[in-house]
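Below: one structure, written as structure tokens.
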Amino acid sequence: MTVQIKTIPRAERLIVALDVAGAEEAKTLVQDLGDSVSFYKVGLELFMADGVFGLIDWLARQEKSVFVDLKFFDIPETVRAAVRGLRNRSVTFTTVHGNQAMLEAAGEEKGDVKILAVTALTSLDQGDLDDLGFQCDIQELVLSRARRALEAGCDGVISSGLEALALKRELGARLLVVTPGVRPVQNRLTDDQKRTVDVAQAFANGADYIVVGRPIREALDPRAAAQAIQATIATLFSA
């Protein structure tokens, strides 16, 4: 079976994680990367810095797409209010890491923001899930959460590339699959990502977007690293 991947501008399939300490450092990285990257993720570390909403507005002025990755987990009304606060701010994606009621609240309030449900963090392996009390394998958990996300009105999921294939086989192009923990080659970094895939494998398995952080930020030449990933993507998609 051929996996179904949504039609997306090729250059946007790479999302670079701005996991840096402050807005000015983030701007410097964006300027260094130039036209090699058009989509950026703003996560929890950067969101704790001063001026983050100004940074989001600045990214929009640079014609960059923005993914706010805060993994909302709170009572449904608080999740609803948090999602409402991102509307009309040129934010493309945000994440929810909660139960069905939280996902539904986000889906009802999303407006122009696409909601991505977190399935299982790529920093967790089966042993970690066992410790957390999940009495099922990772793939079963990811599929269950993806089904429930669709029912709740979410637009997609955050999923390891290892589970993307099963998601696309069962759910097709009905949901977006955004895959973090991607390494340009087999993971040789000493980091906290356990369930990783490389760029080609992620897309072959059905990812619509990939999120790459350290392999670009920590490269000797970040722009060249991003361009190399874009070159790989160009071999996989015609447009």
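Ordered as shown in the structure tokens, chains take letters A, B, and onward, while each chain numbers its residues from 1 and ligands are numbered from 1 in the order shown.
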
- Task: Please return as a ChimeraX atom specification: the residues of segment 156-224 of chain A that backbone DSSP assigns to helix (DSSP H, G or I).
- Result: /A:161-174,199-204,214-217,222-224

Export N, CA, C and O atoms of the chosen residues as an mmCIF file, in the first residue's frame?
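Done, and the output landed in out-v3.cif:
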```
data_model
loop_
_atom_site.group_PDB
_atom_site.id
_atom_site.type_symbol
_atom_site.label_atom_id
_atom_site.label_comp_id
_atom_site.auth_asym_id
_atom_site.auth_seq_id
_atom_site.Cartn_x
_atom_site.Cartn_y
_atom_site.Cartn_z
ATOM 1 N N GLY A 161 8.467 8.887 13.348
ATOM 2 C CA GLY A 161 8.436 8.284 12.034
ATOM 3 C C GLY A 161 8.272 6.779 12.079
ATOM 4 O O GLY A 161 7.853 6.158 11.098
ATOM 5 N N LEU A 162 8.572 6.179 13.231
ATOM 6 C CA LEU A 162 8.423 4.736 13.362
ATOM 7 C C LEU A 162 6.958 4.323 13.369
ATOM 8 O O LEU A 162 6.633 3.207 12.972
ATOM 9 N N GLU A 163 6.073 5.211 13.821
ATOM 10 C CA GLU A 163 4.641 4.906 13.847
ATOM 11 C C GLU A 163 3.874 5.564 12.708
ATOM 12 O O GLU A 163 2.693 5.282 12.506
ATOM 13 N N ALA A 164 4.524 6.435 11.948
ATOM 14 C CA ALA A 164 3.824 7.160 10.879
ATOM 15 C C ALA A 164 3.230 6.217 9.843
ATOM 16 O O ALA A 164 2.138 6.455 9.321
ATOM 17 N N LEU A 165 3.931 5.140 9.535
ATOM 18 C CA LEU A 165 3.445 4.222 8.508
ATOM 19 C C LEU A 165 2.111 3.602 8.915
ATOM 20 O O LEU A 165 1.167 3.534 8.117
ATOM 21 N N ALA A 166 2.008 3.149 10.160
ATOM 22 C CA ALA A 166 0.754 2.562 10.635
ATOM 23 C C ALA A 166 -0.364 3.599 10.638
ATOM 24 O O ALA A 166 -1.520 3.287 10.309
ATOM 25 N N LEU A 167 -0.043 4.839 10.991
ATOM 26 C CA LEU A 167 -1.046 5.904 10.985
ATOM 27 C C LEU A 167 -1.595 6.132 9.588
ATOM 28 O O LEU A 167 -2.808 6.239 9.383
ATOM 29 N N LYS A 168 -0.713 6.229 8.616
ATOM 30 C CA LYS A 168 -1.157 6.499 7.248
ATOM 31 C C LYS A 168 -1.900 5.302 6.660
ATOM 32 O O LYS A 168 -2.848 5.467 5.889
ATOM 33 N N ARG A 169 -1.475 4.097 7.000
ATOM 34 C CA ARG A 169 -2.168 2.914 6.500
ATOM 35 C C ARG A 169 -3.610 2.869 7.006
ATOM 36 O O ARG A 169 -4.515 2.478 6.277
ATOM 37 N N GLU A 170 -3.810 3.249 8.253
ATOM 38 C CA GLU A 170 -5.157 3.175 8.818
ATOM 39 C C GLU A 170 -5.985 4.418 8.533
ATOM 40 O O GLU A 170 -7.188 4.325 8.261
ATOM 41 N N LEU A 171 -5.369 5.598 8.594
ATOM 42 C CA LEU A 171 -6.138 6.849 8.538
ATOM 43 C C LEU A 171 -5.917 7.631 7.249
ATOM 44 O O LEU A 171 -6.602 8.627 7.012
ATOM 45 N N GLY A 172 -4.965 7.201 6.430
ATOM 46 C CA GLY A 172 -4.745 7.861 5.157
ATOM 47 C C GLY A 172 -4.377 9.326 5.311
ATOM 48 O O GLY A 172 -3.669 9.722 6.234
ATOM 49 N N ALA A 173 -4.886 10.142 4.389
ATOM 50 C CA ALA A 173 -4.546 11.567 4.374
ATOM 51 C C ALA A 173 -5.530 12.393 5.195
ATOM 52 O O ALA A 173 -5.565 13.613 5.070
ATOM 53 N N ARG A 174 -6.314 11.723 6.034
ATOM 54 C CA ARG A 174 -7.285 12.479 6.827
ATOM 55 C C ARG A 174 -6.627 13.317 7.916
ATOM 56 O O ARG A 174 -7.242 14.237 8.446
ATOM 57 N N VAL A 199 15.690 11.418 7.419
ATOM 58 C CA VAL A 199 14.760 12.231 6.624
ATOM 59 C C VAL A 199 13.984 11.380 5.624
ATOM 60 O O VAL A 199 12.752 11.425 5.558
ATOM 61 N N ALA A 200 14.690 10.581 4.838
ATOM 62 C CA ALA A 200 14.026 9.781 3.804
ATOM 63 C C ALA A 200 13.067 8.777 4.413
ATOM 64 O O ALA A 200 11.956 8.570 3.910
ATOM 65 N N GLN A 201 13.469 8.142 5.515
ATOM 66 C CA GLN A 201 12.604 7.152 6.153
ATOM 67 C C GLN A 201 11.340 7.802 6.705
ATOM 68 O O GLN A 201 10.247 7.251 6.603
ATOM 69 N N ALA A 202 11.475 8.994 7.291
ATOM 70 C CA ALA A 202 10.307 9.682 7.848
ATOM 71 C C ALA A 202 9.256 9.912 6.771
ATOM 72 O O ALA A 202 8.063 9.615 6.964
ATOM 73 N N PHE A 203 9.667 10.420 5.624
ATOM 74 C CA PHE A 203 8.702 10.695 4.557
ATOM 75 C C PHE A 203 8.214 9.413 3.887
ATOM 76 O O PHE A 203 7.046 9.314 3.518
ATOM 77 N N ALA A 204 9.078 8.432 3.743
ATOM 78 C CA ALA A 204 8.645 7.152 3.172
ATOM 79 C C ALA A 204 7.567 6.514 4.041
ATOM 80 O O ALA A 204 6.649 5.853 3.539
ATOM 81 N N ARG A 214 18.610 20.113 16.708
ATOM 82 C CA ARG A 214 20.047 20.099 16.953
ATOM 83 C C ARG A 214 20.913 19.790 15.734
ATOM 84 O O ARG A 214 21.991 20.397 15.586
ATOM 85 N N PRO A 215 20.523 18.861 14.855
ATOM 86 C CA PRO A 215 21.394 18.608 13.703
ATOM 87 C C PRO A 215 21.608 19.834 12.813
ATOM 88 O O PRO A 215 22.602 19.893 12.093
ATOM 89 N N ILE A 216 20.703 20.804 12.875
ATOM 90 C CA ILE A 216 20.897 22.057 12.146
ATOM 91 C C ILE A 216 21.544 23.101 13.042
ATOM 92 O O ILE A 216 22.567 23.697 12.687
ATOM 93 N N ARG A 217 20.962 23.332 14.230
ATOM 94 C CA ARG A 217 21.471 24.394 15.105
ATOM 95 C C ARG A 217 22.925 24.171 15.495
ATOM 96 O O ARG A 217 23.698 25.124 15.624
ATOM 97 N N PRO A 222 25.056 25.813 9.883
ATOM 98 C CA PRO A 222 23.628 25.490 9.955
ATOM 99 C C PRO A 222 22.896 25.637 8.621
ATOM 100 O O PRO A 222 22.027 24.820 8.297
ATOM 101 N N ARG A 223 23.228 26.676 7.863
ATOM 102 C CA ARG A 223 22.559 26.871 6.579
ATOM 103 C C ARG A 223 22.836 25.707 5.633
ATOM 104 O O ARG A 223 21.922 25.189 4.969
ATOM 105 N N ALA A 224 24.081 25.260 5.584
ATOM 106 C CA ALA A 224 24.427 24.128 4.729
ATOM 107 C C ALA A 224 23.716 22.864 5.193
ATOM 108 O O ALA A 224 23.278 22.050 4.364
#
```

- Could you give me, as a ChimeraX atom specification, each residue of segment 3-233 of chain A that DSSP assigns to strand (DSSP E) when run on this structure's backbone? /A:14-17,39-43,65-72,93-96,114-118,156-158,176-179,209-212

- Query: How many Å lie between atom CA of Lys110 of chain A and atom CA of Arg148 of chain A, rounded to one decimal?
  - Reply: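 Between atom CA of Lys110 of chain A and atom CA of Arg148 of chain A the gap is 16.7 Å.
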
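The residue that comes closest to Lys41 of chain A, out of A:Val20, A:Ala105, A:Leu141, A:Ala82 and on the basis of only C-alpha atoms, is A:Val20.
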
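Taking only C-alpha atoms, the non-local environment of Gly107 of chain A within 9 Å (same-chain residues fewer than 3 positions away omitted) comprises Arg80, Val83, Met102, Leu103, Glu104, Lys110, Gly111, Lys114, Ile115, Ala149, Ala152, Gly153, Cys154 and Asp155 of chain A.
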
- Message: Need to verify the contact set: Ser238 of chain A, 9 Å, only C-alpha atoms, exclusion of same-chain residues closer than 3 positions in sequence. Can you return it as a list in words?
- Response: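 Skipping anything fewer than 3 positions along the chain leaves Arg10, Ala234 and Thr235 of chain A.
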
N, CA, C and O atoms of the current selection, written as a PDB file, in the first residue's frame:
```pdb
ATOM      1  N   ARG A  10       6.941  21.969  -1.065  1.00  0.00           N
ATOM      2  CA  ARG A  10       8.092  21.149  -0.669  1.00  0.00           C
ATOM      3  C   ARG A  10       8.983  21.849   0.360  1.00  0.00           C
ATOM      4  O   ARG A  10       9.438  21.225   1.336  1.00  0.00           O
ATOM      5  N   ALA A 234      13.915  17.329  -1.783  1.00  0.00           N
ATOM      6  CA  ALA A 234      13.679  17.583  -3.212  1.00  0.00           C
ATOM      7  C   ALA A 234      13.762  16.313  -4.048  1.00  0.00           C
ATOM      8  O   ALA A 234      13.153  16.231  -5.118  1.00  0.00           O
ATOM      9  N   THR A 235      14.505  15.313  -3.565  1.00  0.00           N
ATOM     10  CA  THR A 235      14.568  14.047  -4.281  1.00  0.00           C
ATOM     11  C   THR A 235      13.320  13.204  -4.046  1.00  0.00           C
ATOM     12  O   THR A 235      13.089  12.222  -4.788  1.00  0.00           O
TER      13      THR A 235
END
```

- Taking into account only C-alpha atoms, which residue in the set A:Val66, A:Val211, A:Ala21, A:Leu33 is nearest to Asp50 of chain A? A:Ala21

- Query: What is the atom CA of Leu44 of chain A-atom CA of Ser65 of chain A distance in Å, reported with one decimal?
  - Reply: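 Distance between the two atoms: 17.4 Å.
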
- Calculate how many Å separate atom CA of Val113 of chain A from atom CA of Thr92 of chain A, rounding to one decimal.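 So the answer is 5.2 Å.
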
- Looking at only C-alpha atoms, which of A:Glu151, A:Glu24, A:Glu12, A:Asp19 is the one that sits closest to Ser36 of chain A?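 The answer is A:Glu12, which sits nearest to Ser36 of chain A.
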
- Item | Non-local contacts of Ala239 of chain A (12 Å; only C-alpha atoms; under 5 positions in same chain excluded) as a list of chain:residue names | A:Lys6, A:Thr7, A:Ile8, A:Pro9, A:Arg10, A:Ala11, A:Glu12, A:Arg13, A:Gln230, A:Ile233, A:Ala234
